[in-house]
Amino acid sequence: MNKTIKRFISILLCCAMMTTLIACSKSNDKKEPSGNSSNSEKGTSQQDTTADPEQEIVTIKICFPTLLYNPSAEGTQQTEDAINKYLESIGDYVRVDLEPIDGTNYLTELNLKLTSGEVVDLFCPLTGVELAVSQEQVLPLDDYLDNELADTVAIVGEYMKAGYVGGHSYAVPCWKEYGLSCYYFYRADIAEELGFTEDKIKTLDDVEKLLMAVKEAYPNMYGFVPTGGAANAGNTLMLESVLGGPKHYKVDELTSGVGIVGDDLTIRNIYDTEYFREVCETAYRWNQAGLIMPDASFTSELGRDLIQAGRAFSVITGYGSTGQYEDMGEFYTKELGYPIKAAVLDTFLITSSRCSPSWSISYNCKNPRAAARVLNYLYTDEFVENTLLNGVEGIHYVKNADGSISLPEGVEPDTSTYYCFISCGIVGSMAIQWQWDEAKPITKTIDQANAEATMSEAFGFAVRADNFATEASAISNIKNKYLYGLICGELNPDEYLPKFLQELNDAGINNVIEDVQAQFDEFLKNK
Amino acid sequence: MEIRRKTTSKKSKRVNYIPFYFMMLPGIIYLFINNYLPMFGIIIAFKDYKYARGILGSKWVGLKNFRFLFKTNDAFIMIRNTVCYNLVFIILGTIVAISIAVMMTEIGKMRVAKVIQPIICFPNMISMVIVSYLVYAFLGNSGYINNTILHGNGISWYSEPKYWPLIILTVHFWKNAGYSSIIYTASIGGIDPALYEAAKLDGATKMQQIFKITLPIIRPMILMMLLFSIGRIFTSDFGLFLQVPMNSGALYDTTQTIDTYVYRSLMELNNVSMSSAASVFQSIIGFILVIGSNLLVRKLDSDSALF
């Protein structure tokens, strides 16, 4: 009996194995002709660049990340219909298929979709353009820059370079202010009580003096608290951002641990520099003096919440300056319920990785030309962009007399069936987005803000990590081990910094530096 | 004559079994789709996976994807941690589970058992994320232990790797001991009570009953559970080793396991091939260990072997 069962099972397994193999080879066969057809399509449609009303309707899927609030299927359908109705009314042949994806799952879900061959026409390669290109997830945009995407290129301008890899354009960065400022937010009531007025808080040294005074007067309050880092990585006090800004050391980290410091164009290990030593020493000094919240590197209680609860005095966070609030202190005061003031300690350097997220066309898009058309609407068409973010008028928002929009009566962000406004810095152009609740005069355009910011010397340079994937994985691990403890001041730099550097050397960071330097020289030559 | 009868009976047997095969079918199909089809994905580990080319179209690169696992000194640390923790979990875990099961059956007739059983099983239902905050409430800088027991001059637990083997073990057993005893409780419950009565009449003590009756009877079950866990010796409970230490870098020496290493190295790289290389490595070692230990068991006691 045992034998029969075994035989039976083995036959079954064999059958099933055969069918999978057949299925695999089939899907493989299918891929070829579809690739060819899209190529030929490219060839034919290249001749007529204007939209032909007779042309077949093409639906383009847009997979965009949502934050905090996830729209319902019903709300998404209504929004999609509204956009499609509009596109039909202006006589275009493209239609959209919206797929909002929870931002925290975006990467995983997109990976699954792309691996399984599901068509996602437009998406954000969140792991970086160069990685998406080296893994062949995206198509080049070169053919569309002069026609479908011409208006977008005119808006984004030189920042389009952030989406270039190896001389070809692969992604369009969303249009917003790229060079954020590092704001030091602090409780103004306490600072003034201790004799620190706004004009006395300009640099990190001033901050240190202020924190010392706060520690003295309010020993039970955390003087300085961390900001959350990337998902599942450690926290940061943002000192490395302040000291890495253009007014300080001017650091551009090009790939994990490797970058340029200052105006010197030599690629180096950024942890083996004066800059990083100063970050660690400052943090460690503050930690030893009791100015920083304990367990800062991994706590899940973060800046804003602690200030709101009255348990913390200050935090550093990066924000743009073109938003509704000219004075970020005013914004925080409203949000957190305490009088808050903000001091700009430094700004962020505009680097390629700061111009993100960007938008790409997926490798399996059937009609990339139509996808480029849709992408262009997100930068140029007020209706498409704002409907995608805010939903349908009357259901998800109402228009105010001054041109701004508000939630309809009785609807809250979490009860609305479509509220994606938090994705405003992710999708399309921020310049054409409607303001919420109250129309404030725009004091600074995005163009102006970006022109004021400092651009990195390496802007437009994308590192290809193909040759050092093994090293990069080891470096990433070592970084996780030491970095957050060091930048949050929990590890003594005299003891742990040499260990950190030794392990990085053992992991082969010098090979990475060499490889990146060669790529960078090539880039500078062609610049 | 004899032979003929045998064949006919065999045939009729086969026919008789057909309905059972059909009953098995859904299970087999499930097993196949869930456990066998994904094995095809193993080849990703040997390829330089490119999305546009698909799994079969990507280039073969041999063992290149496995290299990152052994690149640094961490390879030794993570393999040591994974294997050592698992050995302790298996050995101590079996002892703890059986002791709980024996004790539970002893008090099974009392009312208290109805209360105790859910209580010791309850921690298993709590998500590791919540467990990590419970631990943090005890060990954090302003947590319970530092504030009350150590009166403020506490230890910063999250930057001292040396305490963590003990903390991990405590958390693991607190969470899993009750649940893992259930299967033993069930098999002890199936033992014929007449055996114990007879032993009692012969004057056997409680201890003698446990060692002479209970344990020998549930031995096949114990061996089976051991074999199962040996197969997983190269994998680790991700929540226990990543969430509970709050992903604190200073603790890597004692909390880094193969799974957390893979997670931490590939979070930034998003490299499908390298991550599947890691799990192929774990599975193959696990497979070899299961086959090996089953061989050993069969040599020692052929009745208890799994296959």
# chains A, B, ... in the order shown; residues from 1 in each chain; ligands from 1
>>> interface_residues(of="chain A", to="chain B", cutoff="7 Å", atoms="only C-alpha atoms", output="number ranges by chain")
A: 114-115, 135-137, 294-295, 298, 363, 470, 473-474, 476-477, 480-482, 485, 507
>>> write_last_selection(atoms="N, CA and C atoms", output="mmCIF file, in the first residue's frame")
data_model
loop_
_atom_site.group_PDB
_atom_site.id
_atom_site.type_symbol
_atom_site.label_atom_id
_atom_site.label_comp_id
_atom_site.auth_asym_id
_atom_site.auth_seq_id
_atom_site.Cartn_x
_atom_site.Cartn_y
_atom_site.Cartn_z
ATOM 1 N N LEU A 114 6.224 43.591 -10.307
ATOM 2 C CA LEU A 114 7.186 43.601 -11.405
ATOM 3 C C LEU A 114 7.763 42.210 -11.638
ATOM 4 N N THR A 115 7.983 41.458 -10.546
ATOM 5 C CA THR A 115 8.529 40.114 -10.707
ATOM 6 C C THR A 115 7.534 39.211 -11.414
ATOM 7 N N GLN A 135 18.594 46.776 -12.660
ATOM 8 C CA GLN A 135 17.752 45.579 -12.581
ATOM 9 C C GLN A 135 16.751 45.508 -13.725
ATOM 10 N N GLU A 136 16.871 46.449 -14.650
ATOM 11 C CA GLU A 136 16.025 46.484 -15.843
ATOM 12 C C GLU A 136 14.532 46.532 -15.508
ATOM 13 N N GLN A 137 14.173 47.400 -14.586
ATOM 14 C CA GLN A 137 12.764 47.561 -14.244
ATOM 15 C C GLN A 137 12.103 48.658 -15.072
ATOM 16 N N PRO A 294 17.864 59.628 26.348
ATOM 17 C CA PRO A 294 18.544 58.327 26.340
ATOM 18 C C PRO A 294 17.874 57.362 25.357
ATOM 19 N N ASP A 295 18.599 56.329 24.942
ATOM 20 C CA ASP A 295 18.104 55.335 23.971
ATOM 21 C C ASP A 295 17.717 55.992 22.647
ATOM 22 N N PHE A 298 17.353 54.106 19.005
ATOM 23 C CA PHE A 298 16.340 53.132 18.595
ATOM 24 C C PHE A 298 14.956 53.399 19.171
ATOM 25 N N TYR A 363 9.224 48.325 -17.333
ATOM 26 C CA TYR A 363 9.788 47.600 -18.464
ATOM 27 C C TYR A 363 8.723 46.919 -19.318
ATOM 28 N N THR A 470 28.395 42.664 -3.500
ATOM 29 C CA THR A 470 28.799 41.910 -2.304
ATOM 30 C C THR A 470 29.326 42.861 -1.242
ATOM 31 N N SER A 473 26.565 45.039 0.365
ATOM 32 C CA SER A 473 25.707 44.406 1.359
ATOM 33 C C SER A 473 26.431 44.333 2.697
ATOM 34 N N ALA A 474 27.734 44.044 2.659
ATOM 35 C CA ALA A 474 28.489 43.986 3.913
ATOM 36 C C ALA A 474 28.564 45.375 4.547
ATOM 37 N N SER A 476 26.491 47.837 4.207
ATOM 38 C CA SER A 476 25.177 48.202 4.711
ATOM 39 C C SER A 476 24.964 47.631 6.103
ATOM 40 N N ASN A 477 25.418 46.406 6.289
ATOM 41 C CA ASN A 477 25.265 45.764 7.590
ATOM 42 C C ASN A 477 26.125 46.419 8.669
ATOM 43 N N ASN A 480 24.654 49.681 9.713
ATOM 44 C CA ASN A 480 23.563 49.523 10.673
ATOM 45 C C ASN A 480 24.082 49.261 12.068
ATOM 46 N N LYS A 481 25.212 48.560 12.129
ATOM 47 C CA LYS A 481 25.736 48.169 13.430
ATOM 48 C C LYS A 481 26.248 49.381 14.200
ATOM 49 N N TYR A 482 26.975 50.276 13.527
ATOM 50 C CA TYR A 482 27.632 51.358 14.254
ATOM 51 C C TYR A 482 27.010 52.736 14.066
ATOM 52 N N GLY A 485 24.300 54.357 16.544
ATOM 53 C CA GLY A 485 24.862 54.546 17.882
ATOM 54 C C GLY A 485 25.830 55.715 17.895
ATOM 55 N N ALA A 507 35.560 45.010 4.888
ATOM 56 C CA ALA A 507 34.454 44.667 3.997
ATOM 57 C C ALA A 507 34.728 45.106 2.561
#
>>> residues_around(residues="Leu524 in chain A", least_positions_apart="4", cutoff="10 Å", atoms="only C-alpha atoms", output="PyMOL selection string")
chain A and resi 265+457-458+461+519-520
>>> residues_around(residues="range 139-156 of chain A", least_positions_apart="5", cutoff="8 Å", atoms="only C-alpha atoms", output="ChimeraX atom specification")
/A:49,133,168-171,173,175,360-363,369,372-373,375-376,379-380
>>> residues_around(residues="range 185-191 of chain B", least_positions_apart="4", cutoff="7 Å", atoms="only C-alpha atoms", output="list in words")
Ala101, Val102, Thr105, Ser181, Thr214 and Ile218 of chain B
>>> write_last_selection(atoms="C-alpha atoms", output="PDB file, in the first residue's frame")
ATOM      1  CA  ALA B 101       2.833  18.900  29.578  1.00  0.00           C
ATOM      2  CA  VAL B 102       3.436  16.373  32.358  1.00  0.00           C
ATOM      3  CA  THR B 105      -1.828  16.390  32.829  1.00  0.00           C
ATOM      4  CA  SER B 181       3.612  21.855  25.293  1.00  0.00           C
ATOM      5  CA  THR B 214       4.854   8.552  30.055  1.00  0.00           C
ATOM      6  CA  ILE B 218       5.574   9.656  23.843  1.00  0.00           C
TER       7      ILE B 218
END
>>> select_by_dssp(residues="range 267-480 of chain A", states="strand (DSSP E)", output="list of chain:residue names")
A:Arg268, A:Asn269, A:Ala312, A:Phe313, A:Ser314, A:Val315, A:Ile316, A:Thr317, A:Gly318, A:Tyr319, A:Ile340, A:Lys341, A:Ala342, A:Ala343, A:Val344, A:Leu345, A:Asp346, A:Thr347, A:Ser358, A:Trp359, A:Ser360, A:Ile361, A:Val398, A:Lys399, A:Ile405, A:Ser406
>>> atom_distance(atom1="CA of Ala289 in chain A", atom2="CA of Ala233 in chain A")
25.4 Å
